[in-house]
Amino acid sequence: MRPDAVSRSALEPEQVGRKVRLREVGLGDRRVLMGFDRDMAREATPLIGGGHRHWASHRSGSSGDDIHFGIETVRGRMLVGSVCTIGADPVTGRFGYGIGIAPRHQRCGYATDAITVLLAHMFGQRGFRKCEVTVYGGNVASLSLHGGLGFREEGRLRDTEVVRGEIKYLVRMGITAEEFAARPVDSLADLGRRGQHRRPRRGKHWRTPAAISG
């Protein structure tokens with residue numbers, strides 16, 4: 001079945017997961033998202049999926065069949081990042097995505113939950129058949145996250161960028177609608193909680209006033 005071409009104005013108002021909900025990005029959100037962008041650039045935080053293309057979307061808006069969601073917490077409804085599809089093609093049924101979580105809100109399981117909700121939306125509601133992402137080979141956290149979500153490595157691509165004399169490579173990973181539907185849900189819940197247990201004071205919700213730093 002051909003995926004539906006859904007316009008941004010026709011999006012469901014909310015897509016809710018365990019920790020976050022995805023919603024349309026409002027005009028008032030863009031200044032906050034651009035502030036997150038600056039924070040991530042300052043801390044050199046690695047982005048997930050097509051991250052470099054993700055951040056451009058909150059400046060120019062989504063195009064074609066791509067959609068862009070703000071990510072806010074279920075409790076407190078606080079904006080913590082955003083996620084967008086990349087290259088969504090209703091004809092082939094394939095899409096990619098980019099996601100960014102503000103540095104001060106990382107290690108709380110928000111990215112895992114947001115990606116899960118996005119995949120459920122694209123596969124279950126829009127009828128897409130496969131999601132494909134590329135991750136830098138040195139980004140161990142992102143590779144581990146995608147592996148835990150059920151993505152499989154499909155190949156490695158040599159990148160043209162050279163950093164400090166070292167040639168980077170990209171890992172191409174993918175997951176089909178069938179693979180996503182067959183995933184063990186309980187293991188995903190555990191994956192989403194890892195950040196809280198491993199770094200209890202990194203995310204904003206887990207800080208005490210004395211622990212907050214710039």
# chains A, B, ... in the order shown; residues from 1 in each chain; ligands from 1
call {"tool": "select_by_dssp", "arguments": {"residues": "segment 58-134 of chain A", "states": "alpha helix (DSSP H)", "output": "number ranges by chain"}}
result
A: 58-60, 110-120
call {"tool": "closest_residue", "arguments": {"among": "A:Val133, A:Lys19, A:Leu33, A:Arg156", "to": "Ile86 of chain A", "atoms": "only C-alpha atoms"}}
result
A:Val133
call {"tool": "atom_distance", "arguments": {"atom1": "atom CA of Glu154 of chain A", "atom2": "atom CA of Gly98 of chain A"}}
result
18.3 Å
call {"tool": "atom_distance", "arguments": {"atom1": "atom CA of Tyr136 of chain A", "atom2": "atom CA of Met122 of chain A"}}
result
23.9 Å
call {"tool": "select_by_dssp", "arguments": {"residues": "segment 56-130 of chain A", "states": "strand (DSSP E or B)", "output": "PyMOL selection string"}}
result
chain A and resi 68-73+79-89+94-101+130
call {"tool": "residues_around", "arguments": {"residues": "Phe123 of chain A", "least_positions_apart": "2", "cutoff": "9 Å", "atoms": "only C-alpha atoms", "output": "count of residues only"}}
result
17
call {"tool": "atom_distance", "arguments": {"atom1": "atom CA of Val16 of chain A", "atom2": "atom CA of Arg77 of chain A"}}
result
11.4 Å
call {"tool": "residues_around", "arguments": {"residues": "Val80 of chain A", "least_positions_apart": "3", "cutoff": "9 Å", "atoms": "only C-alpha atoms", "output": "list in words"}}
result
Leu33, Phe36, Gly70, Ile71, Glu72, Thr73, Gly100, Ile101, Ala102, Arg104, His105, Gln106 and Tyr110 of chain A
call {"tool": "residues_around", "arguments": {"residues": "Phe69 of chain A", "least_positions_apart": "5", "cutoff": "6 Å", "atoms": "only C-alpha atoms", "output": "PDB file with C-alpha atoms, in the first residue's frame"}}
result
ATOM      1  CA  LEU A  22       5.569  14.635  19.632  1.00  0.00           C
ATOM      2  CA  ARG A  23       3.671  17.689  18.464  1.00  0.00           C
ATOM      3  CA  GLU A  24       3.797  20.209  15.681  1.00  0.00           C
ATOM      4  CA  VAL A  25       6.466  22.879  16.028  1.00  0.00           C
ATOM      5  CA  SER A  82      12.819  18.062  18.032  1.00  0.00           C
ATOM      6  CA  VAL A  83      12.782  15.332  15.408  1.00  0.00           C
TER       7      VAL A  83
END
call {"tool": "closest_residue", "arguments": {"among": "A:Gly35, A:Ala41, A:Gly124, A:Arg21", "to": "Met78 of chain A", "atoms": "only C-alpha atoms"}}
result
A:Arg21
